[in-house]
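**Q** Supplied structure: my_file-v2.cif, mmCIF, C-alpha atoms and all ligand atoms.
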data_data
#
loop_
_atom_site.label_atom_id
_atom_site.label_comp_id
_atom_site.auth_asym_id
_atom_site.auth_seq_id
_atom_site.Cartn_x
_atom_site.Cartn_y
_atom_site.Cartn_z
CA MET A 4 -46.92 67.14 -40.91
CA LYS A 5 -43.36 68.46 -40.40
CA ASN A 6 -40.76 68.47 -43.13
CA ILE A 7 -37.32 66.91 -42.85
CA ALA A 8 -34.48 66.78 -45.40
CA ILE A 9 -31.35 64.76 -45.95
CA LEU A 10 -28.16 65.45 -47.90
CA CYS A 11 -24.80 63.79 -48.46
CA SER A 12 -21.65 65.89 -48.18
CA GLY A 13 -17.93 65.23 -48.68
CA GLY A 14 -16.72 61.83 -49.90
CA ASP A 15 -19.43 59.32 -50.74
CA VAL A 16 -19.46 55.94 -49.01
CA SER A 17 -21.20 52.66 -49.59
CA GLY A 18 -24.09 52.65 -47.13
CA MET A 19 -25.48 56.05 -48.08
CA ASN A 20 -28.15 54.50 -50.31
CA PRO A 21 -29.47 52.14 -47.60
CA ALA A 22 -29.52 55.21 -45.32
CA LEU A 23 -31.58 57.16 -47.87
CA LYS A 24 -34.02 54.29 -48.18
CA HIS A 25 -34.59 54.07 -44.46
CA PHE A 26 -34.73 57.86 -44.19
CA VAL A 27 -37.78 57.92 -46.46
CA GLU A 28 -39.43 54.93 -44.81
CA TYR A 29 -38.83 56.00 -41.22
CA SER A 30 -39.77 59.65 -41.84
CA LEU A 31 -43.13 58.58 -43.26
CA GLN A 32 -43.59 56.17 -40.38
CA LYS A 33 -43.04 59.09 -38.00
CA ASN A 34 -45.48 61.30 -39.91
CA LEU A 35 -42.74 63.52 -41.34
CA LYS A 36 -42.55 64.62 -44.99
CA PRO A 37 -39.11 63.58 -46.36
CA PHE A 38 -37.10 65.71 -48.80
CA PHE A 39 -33.89 64.97 -50.69
CA ILE A 40 -31.30 67.69 -51.20
CA TYR A 41 -29.22 66.81 -54.26
CA ASP A 42 -25.42 67.26 -54.48
CA GLY A 43 -24.75 68.27 -50.92
CA PHE A 44 -24.59 71.89 -49.83
CA GLU A 45 -24.45 72.87 -53.50
CA GLY A 46 -28.03 71.62 -53.92
CA LEU A 47 -29.05 73.48 -50.80
CA ILE A 48 -27.78 76.72 -52.33
CA ASP A 49 -29.25 75.98 -55.79
CA ASP A 50 -32.62 74.85 -54.41
CA ASP A 51 -32.19 71.35 -55.77
CA ILE A 52 -34.58 70.09 -53.11
CA LYS A 53 -37.36 67.62 -53.86
CA GLU A 54 -39.91 65.72 -51.85
CA ALA A 55 -38.94 62.03 -51.67
CA SER A 56 -41.19 59.01 -51.90
CA TYR A 57 -40.94 55.23 -51.73
CA CYS A 58 -40.48 55.20 -55.51
CA ASP A 59 -37.26 57.20 -55.22
CA VAL A 60 -35.62 54.60 -53.01
CA ALA A 61 -36.91 51.41 -54.58
CA GLY A 62 -34.03 49.13 -55.52
CA ILE A 63 -31.21 51.31 -54.23
CA ILE A 64 -30.27 49.28 -51.17
CA THR A 65 -27.80 47.17 -53.14
CA ARG A 66 -25.99 50.10 -54.71
CA GLY A 67 -22.85 51.87 -53.49
CA GLY A 68 -22.43 55.63 -53.74
CA THR A 69 -25.43 57.86 -53.24
CA LYS A 70 -28.49 58.30 -55.41
CA ILE A 71 -28.80 61.97 -54.44
CA GLY A 72 -25.15 62.81 -55.13
CA SER A 73 -22.56 64.30 -52.86
CA ALA A 74 -20.32 67.34 -53.25
CA ARG A 75 -17.90 69.68 -51.63
CA SER A 76 -19.05 73.27 -51.70
CA THR A 77 -16.81 76.28 -51.41
CA ARG A 78 -19.86 78.50 -51.69
CA PHE A 79 -21.31 77.10 -48.45
CA MET A 80 -18.22 78.44 -46.67
CA GLN A 81 -19.51 81.94 -47.41
CA LYS A 82 -22.19 83.60 -45.30
CA GLU A 83 -24.10 85.04 -48.28
CA PHE A 84 -24.63 81.57 -49.79
CA ARG A 85 -25.67 80.12 -46.44
CA GLU A 86 -28.35 82.81 -46.36
CA ILE A 87 -29.60 81.65 -49.75
CA ALA A 88 -29.55 78.07 -48.44
CA LYS A 89 -31.73 79.10 -45.51
CA GLN A 90 -34.20 80.87 -47.83
CA ASN A 91 -34.45 77.68 -49.90
CA LEU A 92 -35.18 75.59 -46.82
CA ASP A 93 -37.84 78.10 -45.77
CA LYS A 94 -39.45 77.82 -49.21
CA HIS A 95 -40.00 74.13 -48.50
CA SER A 96 -40.78 74.68 -44.78
CA ILE A 97 -37.83 72.48 -43.78
CA ASP A 98 -36.25 73.10 -40.41
CA MET A 99 -34.69 69.69 -39.73
CA LEU A 100 -31.68 68.39 -41.61
CA ILE A 101 -29.86 65.09 -41.59
CA VAL A 102 -26.39 65.10 -43.11
CA LEU A 103 -24.33 62.08 -44.09
CA GLY A 104 -20.77 63.38 -44.09
CA GLY A 105 -17.51 63.94 -42.30
CA ASP A 106 -16.26 66.37 -39.69
CA GLY A 107 -15.91 69.20 -42.25
CA SER A 108 -19.59 68.92 -43.13
CA PHE A 109 -20.56 68.92 -39.46
CA ARG A 110 -18.50 72.05 -38.88
CA GLY A 111 -20.37 73.75 -41.73
CA LEU A 112 -23.71 72.67 -40.29
CA ASP A 113 -22.80 73.99 -36.89
CA ILE A 114 -22.15 77.43 -38.34
CA PHE A 115 -25.41 77.18 -40.29
CA TYR A 116 -27.30 76.31 -37.09
CA LYS A 117 -25.74 79.20 -35.16
CA GLU A 118 -26.63 81.65 -37.94
CA HIS A 119 -30.09 80.41 -38.88
CA GLY A 120 -31.29 77.93 -36.24
CA VAL A 121 -31.73 75.00 -38.65
CA LYS A 122 -31.70 71.89 -36.46
CA PHE A 123 -29.47 69.13 -37.70
CA CYS A 124 -28.20 65.68 -36.91
CA GLY A 125 -24.99 64.41 -38.48
CA ILE A 126 -24.27 60.81 -39.35
CA PRO A 127 -20.54 60.00 -39.56
CA SER A 128 -19.88 58.72 -43.06
CA THR A 129 -16.34 58.13 -44.20
CA ILE A 130 -14.35 55.03 -45.02
CA ASP A 131 -11.34 56.51 -43.19
CA ASN A 132 -12.97 55.93 -39.77
CA ASP A 133 -11.19 59.05 -38.55
CA ILE A 134 -14.02 60.94 -36.85
CA ASN A 135 -13.48 61.58 -33.18
CA GLY A 136 -16.11 60.30 -30.76
CA THR A 137 -17.43 57.42 -32.85
CA ASP A 138 -15.96 53.95 -33.13
CA TYR A 139 -17.72 53.44 -36.45
CA SER A 140 -18.48 55.55 -39.50
CA LEU A 141 -20.78 54.42 -42.28
CA GLY A 142 -18.95 52.78 -45.19
CA VAL A 143 -15.99 51.39 -43.27
CA ASP A 144 -17.09 47.76 -43.29
CA THR A 145 -17.77 47.71 -47.03
CA ALA A 146 -14.38 49.33 -47.69
CA LEU A 147 -12.65 46.75 -45.50
CA ASN A 148 -14.37 43.95 -47.37
CA ILE A 149 -13.28 45.37 -50.71
CA ILE A 150 -9.71 45.65 -49.42
CA LYS A 151 -9.91 42.06 -48.15
CA THR A 152 -11.05 40.78 -51.55
CA SER A 153 -8.27 42.75 -53.26
CA ILE A 154 -5.54 41.47 -50.93
CA ASP A 155 -6.73 37.88 -51.29
CA ALA A 156 -6.59 38.24 -55.08
CA ILE A 157 -3.17 39.85 -55.05
CA ARG A 158 -1.86 37.12 -52.78
CA ASP A 159 -2.63 34.55 -55.48
CA THR A 160 -0.44 36.28 -58.03
CA ALA A 161 2.25 37.28 -55.49
CA SER A 162 2.77 33.65 -54.49
CA SER A 163 2.81 32.40 -58.08
CA PHE A 164 5.46 34.85 -59.19
CA LYS A 165 7.69 35.23 -56.10
CA ARG A 166 6.95 38.87 -55.62
CA ALA A 167 6.50 41.44 -52.91
CA PHE A 168 3.33 43.48 -53.23
CA VAL A 169 2.96 46.84 -51.58
CA ILE A 170 -0.76 47.50 -51.26
CA GLU A 171 -1.75 51.06 -50.47
CA THR A 172 -5.02 51.78 -48.71
CA MET A 173 -6.85 55.07 -48.20
CA GLY A 174 -7.28 56.67 -44.79
CA ARG A 175 -5.61 60.08 -45.06
CA ASP A 176 -3.77 60.53 -41.73
CA CYS A 177 -5.54 57.59 -40.12
CA GLY A 178 -4.14 54.06 -40.39
CA TYR A 179 -7.36 52.27 -39.43
CA LEU A 180 -8.09 50.66 -42.81
CA ALA A 181 -4.48 49.50 -43.23
CA LEU A 182 -4.19 48.19 -39.68
CA VAL A 183 -7.43 46.22 -39.67
CA SER A 184 -6.67 44.85 -43.14
CA HIS A 185 -3.24 43.77 -41.98
CA LEU A 186 -4.58 42.00 -38.90
CA THR A 187 -7.26 40.20 -40.87
CA SER A 188 -5.31 39.23 -43.97
CA GLY A 189 -2.08 37.98 -42.48
CA SER A 190 0.20 40.37 -44.31
CA GLU A 191 3.88 40.48 -43.47
CA LEU A 192 4.28 44.21 -43.05
CA CYS A 193 1.96 47.07 -42.11
CA LEU A 194 2.97 50.73 -42.12
CA ILE A 195 0.62 53.39 -40.76
CA PRO A 196 1.06 57.07 -39.86
CA GLU A 197 0.45 56.43 -36.16
CA ILE A 198 3.58 54.28 -35.75
CA ASP A 199 7.14 55.31 -36.52
CA TYR A 200 9.05 52.69 -38.45
CA ASP A 201 12.54 51.91 -39.63
CA LEU A 202 12.60 49.57 -42.64
CA LYS A 203 16.13 48.55 -41.73
CA SER A 204 14.81 46.73 -38.67
CA TYR A 205 12.95 44.25 -40.93
CA GLU A 206 15.81 43.48 -43.31
CA GLU A 207 17.53 40.60 -41.59
CA ASN A 208 14.29 38.88 -40.69
CA PHE A 209 12.78 39.18 -44.18
CA LYS A 210 15.96 37.90 -45.87
CA THR A 211 16.05 34.93 -43.52
CA GLN A 212 12.41 34.18 -44.38
CA ILE A 213 13.33 34.05 -48.10
CA GLU A 214 16.23 31.69 -47.33
CA ASN A 215 13.77 29.51 -45.45
CA GLY A 216 11.48 29.27 -48.46
CA ARG A 217 9.16 32.27 -48.35
CA ARG A 218 7.99 33.01 -51.90
CA TYR A 219 6.24 36.37 -51.46
CA PHE A 220 5.53 39.29 -49.16
CA ILE A 221 2.40 41.35 -48.76
CA ALA A 222 2.90 44.81 -47.28
CA ILE A 223 -0.10 46.96 -46.46
CA VAL A 224 0.66 50.64 -46.22
CA SER A 225 -1.60 53.53 -45.42
CA GLU A 226 -1.60 56.50 -47.80
CA GLY A 227 -0.60 58.83 -44.94
CA ILE A 228 2.85 57.37 -44.16
CA LYS A 229 5.99 59.41 -44.64
CA GLN A 230 7.15 57.55 -47.79
CA ASP A 231 5.28 56.81 -50.95
CA SER A 232 4.45 53.22 -51.79
CA GLN A 233 6.98 53.01 -54.63
CA GLU A 234 9.78 53.72 -52.16
CA ILE A 235 8.67 50.76 -50.07
CA ALA A 236 8.61 48.59 -53.20
CA ASP A 237 12.11 49.80 -54.13
CA TRP A 238 13.27 48.83 -50.65
CA PHE A 239 11.96 45.28 -51.20
CA GLU A 240 13.88 45.05 -54.48
CA ASN A 241 17.11 46.67 -53.36
CA LYS A 242 17.43 45.54 -49.76
CA ILE A 243 15.43 42.31 -49.51
CA GLY A 244 16.17 41.12 -53.02
CA ILE A 245 12.70 40.29 -54.27
CA GLU A 246 10.91 41.66 -57.31
CA SER A 247 8.14 43.97 -56.20
CA ARG A 248 4.99 45.72 -57.39
CA VAL A 249 2.82 48.50 -56.03
CA SER A 250 -0.95 48.28 -56.00
CA ILE A 251 -2.78 51.44 -55.02
CA LEU A 252 -6.35 50.42 -54.30
CA GLY A 253 -7.68 53.98 -54.61
CA HIS A 254 -11.35 54.70 -55.15
CA ILE A 255 -12.50 51.11 -55.51
CA GLN A 256 -12.42 51.19 -51.71
CA ARG A 257 -15.26 53.73 -51.67
CA GLY A 258 -17.69 51.95 -53.93
CA GLY A 259 -19.33 48.57 -54.25
CA ASN A 260 -22.35 46.77 -52.96
CA PRO A 261 -22.97 47.81 -49.30
CA SER A 262 -22.11 45.06 -46.81
CA ILE A 263 -24.77 43.66 -44.48
CA TYR A 264 -23.14 45.52 -41.59
CA ASP A 265 -23.28 48.85 -43.42
CA ARG A 266 -26.91 48.28 -44.41
CA LEU A 267 -27.79 47.57 -40.79
CA MET A 268 -25.75 50.49 -39.45
CA ALA A 269 -27.35 52.78 -42.01
CA TYR A 270 -30.76 51.84 -40.63
CA LYS A 271 -29.67 52.32 -37.04
CA PHE A 272 -27.92 55.65 -37.67
CA ILE A 273 -30.98 57.02 -39.49
CA THR A 274 -33.39 55.82 -36.81
CA HIS A 275 -31.32 57.52 -34.10
CA ALA A 276 -30.90 60.70 -36.14
CA ILE A 277 -34.65 61.12 -36.73
CA ASP A 278 -35.51 60.13 -33.16
CA GLY A 279 -32.94 62.61 -31.84
CA LEU A 280 -34.38 65.48 -33.87
CA LEU A 281 -37.92 64.59 -32.80
CA GLN A 282 -36.78 64.49 -29.18
CA GLY A 283 -35.54 68.08 -29.54
CA LYS A 284 -31.83 67.59 -30.15
CA LYS A 285 -30.80 70.59 -32.18
CA GLU A 286 -27.15 70.23 -33.14
CA SER A 287 -25.71 66.79 -32.67
CA VAL A 288 -23.94 63.90 -34.34
CA VAL A 289 -25.06 60.30 -33.83
CA CYS A 290 -22.05 58.34 -32.66
CA TYR A 291 -21.55 54.64 -32.17
CA THR A 292 -19.31 53.88 -29.21
CA LYS A 293 -18.88 50.78 -27.12
CA SER A 294 -21.66 49.05 -29.05
CA ASP A 295 -24.19 51.79 -28.35
CA PHE A 296 -25.51 54.95 -29.98
CA THR A 297 -25.11 58.37 -28.36
CA TYR A 298 -25.53 61.97 -29.45
CA LYS A 299 -22.39 64.05 -29.31
CA SER A 300 -21.68 67.74 -29.78
CA ILE A 301 -19.98 69.14 -32.85
CA ASN A 302 -17.16 70.31 -30.65
CA GLU A 303 -16.36 66.78 -29.54
CA VAL A 304 -16.70 65.29 -32.99
CA ALA A 305 -15.26 67.91 -35.31
CA ASN A 306 -12.80 69.88 -33.22
CA ILE A 307 -10.90 67.18 -31.34
CA PRO A 308 -8.41 65.12 -33.35
CA ASN A 309 -9.23 61.44 -33.60
CA LYS A 310 -6.87 58.86 -32.14
CA LEU A 311 -6.66 55.27 -33.31
CA ASP A 312 -8.00 52.82 -30.74
CA SER A 313 -5.10 51.94 -28.43
CA GLN A 314 -6.17 48.29 -28.07
CA LEU A 315 -6.13 47.88 -31.83
CA LEU A 316 -2.76 49.60 -32.06
CA SER A 317 -1.29 47.32 -29.43
CA LEU A 318 -2.08 44.31 -31.63
CA ILE A 319 0.35 45.44 -34.31
CA LYS A 320 3.12 46.30 -31.88
P1 LIG A 401 -14.72 63.76 -45.96
O1 LIG A 401 -14.42 62.93 -44.75
O2 LIG A 401 -15.16 62.99 -47.11
O3 LIG A 401 -13.62 64.74 -46.30
P2 LIG A 401 -15.99 66.04 -44.87
O4 LIG A 401 -17.40 66.35 -44.49
O5 LIG A 401 -14.97 66.17 -43.78
O6 LIG A 401 -15.99 64.63 -45.55
P3 LIG A 401 -15.07 68.45 -46.19
O7 LIG A 401 -14.62 68.65 -47.59
O8 LIG A 401 -14.14 68.79 -45.08
O9 LIG A 401 -15.57 66.94 -46.11
O10 LIG A 401 -16.40 69.32 -45.95
C1 LIG A 401 -17.52 69.15 -46.80
C2 LIG A 401 -18.18 70.47 -47.01
O11 LIG A 401 -18.61 70.99 -45.76
C3 LIG A 401 -17.30 71.56 -47.59
O12 LIG A 401 -17.16 71.44 -48.98
C4 LIG A 401 -18.07 72.81 -47.19
O13 LIG A 401 -19.15 73.02 -48.06
C5 LIG A 401 -18.63 72.41 -45.82
N1 LIG A 401 -17.78 72.99 -44.77
C6 LIG A 401 -16.67 72.46 -44.23
N2 LIG A 401 -16.13 73.28 -43.31
C7 LIG A 401 -16.92 74.38 -43.28
C8 LIG A 401 -16.90 75.61 -42.56
N3 LIG A 401 -15.97 75.89 -41.65
N4 LIG A 401 -17.90 76.50 -42.80
C9 LIG A 401 -18.86 76.24 -43.70
N5 LIG A 401 -18.92 75.11 -44.41
C10 LIG A 401 -17.98 74.19 -44.22
#
How would this structure read if it were set down as structure tokens?
**A**
Amino acid sequence: MKNIAILCSGGDVSGMNPALKHFVEYSLQKNLKPFFIYDGFEGLIDDDIKEASYCDVAGIITRGGTKIGSARSTRFMQKEFREIAKQNLDKHSIDMLIVLGGDGSFRGLDIFYKEHGVKFCGIPSTIDNDINGTDYSLGVDTALNIIKTSIDAIRDTASSFKRAFVIETMGRDCGYLALVSHLTSGSELCLIPEIDYDLKSYEENFKTQIENGRRYFIAIVSEGIKQDSQEIADWFENKIGIESRVSILGHIQRGGNPSIYDRLMAYKFITHAIDGLLQGKKESVVCYTKSDFTYKSINEVANIPNKLDSQLLSLIK
């Protein structure tokens, strides 16, 4: 029986727990002994590594976050600690790793593989959907659903009180969450880092809409745009003439009960990751592109900047 381990690294996403559940089930099905590494690379360095069983994953499929914890680790950036990490894996006879994380985690794993030959398969997990080479990262659908619920709720109060609401979504330098939320919630304005904007160009149109009876505006802005959300709200008050409020959705976007899509994708990502390792893939990331799964190199995934899908972008223009 071979040993295989999983860890979560970087920001947690909803969908990690369903992935952990299937990791245990599918490993056992494939005659592998599954191990959990707690708190990301930190747990790898501190030997917080334990064999996992069905009992560990019972009842976790409905929960956001990750049962085994996630972390960022400055120590893992240093060679001496990666050596300790390797010794810990050897203690448990583990030479296959699955990592739920982002491009930073994959870069770390790549270095680890080159130094110590520990085979790994990465599973893109970030709500920002900003990893190059994959159309989908675990957690995105749940985040979008949380944003949808929030916008729908804010719309109720915005319309009652004649207000403009500036709703800020996460995404770092990627406008995916804001753009998709805009297209699917019927907001009046969407600002994302990928598109230059000039607020002045909306002024006449928005004022006319108020004259024609519009009671409220919803603006969805991505956290990575050049202005902060309060400045956009001030613009609504000062230039459009409507009372405004800012709502920064923040970390609620990362939690919550995993959506059906994320539960299903978690299963599929894990299946492909384990299959890939068993087929002899040594350093790859499972990507989901054009409705299919492929294995891509770290170079393609972690070292090439991601671009927002041009078809999606054209919808906002
Ligand atoms: P998120 O999308 O949530 O930011 P991420 O995986 O990109 O996820 P990072 O903070 O960039 O998050 O990386 C996670 C961890 O990966 C780091 O804390 C560090 O331990 C490890 N790591 C990243 N880059 C390297 C590197 N060049 N060498 C060694 N380890 C690295």
**Q** Can I get the residues of chain A within 7 Å of ligand LIG 401 (chain A), each with the closest pair of atoms and their distance in Å to one decimal, using all atoms listed in the file, sorted chain first then ascending number, as CSV?
**A**
residue,atom,partner,partner_atom,distance
A:Ser12,CA,A:LIG401,C1,5.4
A:Gly13,CA,A:LIG401,O6,3.7
A:Gly14,CA,A:LIG401,O2,3.4
A:Asp15,CA,A:LIG401,O2,6.7
A:Phe44,CA,A:LIG401,O13,5.8
A:Ala74,CA,A:LIG401,O12,6.7
A:Arg75,CA,A:LIG401,O12,3.3
A:Ser76,CA,A:LIG401,O13,3.6
A:Thr77,CA,A:LIG401,O13,5.2
A:Arg78,CA,A:LIG401,O13,6.6
A:Phe79,CA,A:LIG401,O13,4.6
A:Met80,CA,A:LIG401,C9,3.8
A:Gln81,CA,A:LIG401,C9,6.8
A:Gly104,CA,A:LIG401,O4,4.5
A:Gly105,CA,A:LIG401,O4,3.3
A:Asp106,CA,A:LIG401,O5,4.3
A:Gly107,CA,A:LIG401,O8,3.4
A:Ser108,CA,A:LIG401,O11,3.5
A:Phe109,CA,A:LIG401,O4,6.5
A:Arg110,CA,A:LIG401,N2,5.2
A:Gly111,CA,A:LIG401,N5,3.3
A:Leu112,CA,A:LIG401,N5,6.8
A:Ile114,CA,A:LIG401,N4,6.2
A:Thr129,CA,A:LIG401,O1,5.2
**Q** Which residue is closest to Glu226 in chain A? Choose from A:Val249, A:Ile255, A:Ile195, A:Ile71 and count all atoms listed in the file.
**A** A:Ile195
**Q** Which residues are close to range 303-319 of chain A, i.e. within 6 Å by all atoms listed in the file, leaving aside same-chain residues fewer than 6 positions away? Reply as JSON, numbers by chain.
**A** {"A": [106, 133, 134, 135, 136]}
**Q** So that I can check the surroundings of Gly46 in chain A, please list as a ChimeraX atom specification every protein, DNA and RNA residue that reaches within 10 Å of it, counting all atoms listed in the file and ignoring chain neighbours fewer than 3 positions away.
**A** /A:10,39-43,49-52,71-74,76,88,91
**Q** So how far away is CA of Tyr179 in chain A from CA of Thr145 in chain A, in Å?
**A**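 Answer for the CA of Thr145 in chain A to CA of Tyr179 in chain A separation: 13.7 Å.
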**Q** Please report the interatomic distance between CA of His275 in chain A and CA of Asp59 in chain A in Å with one decimal.
**A**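 So the answer is 21.9 Å.
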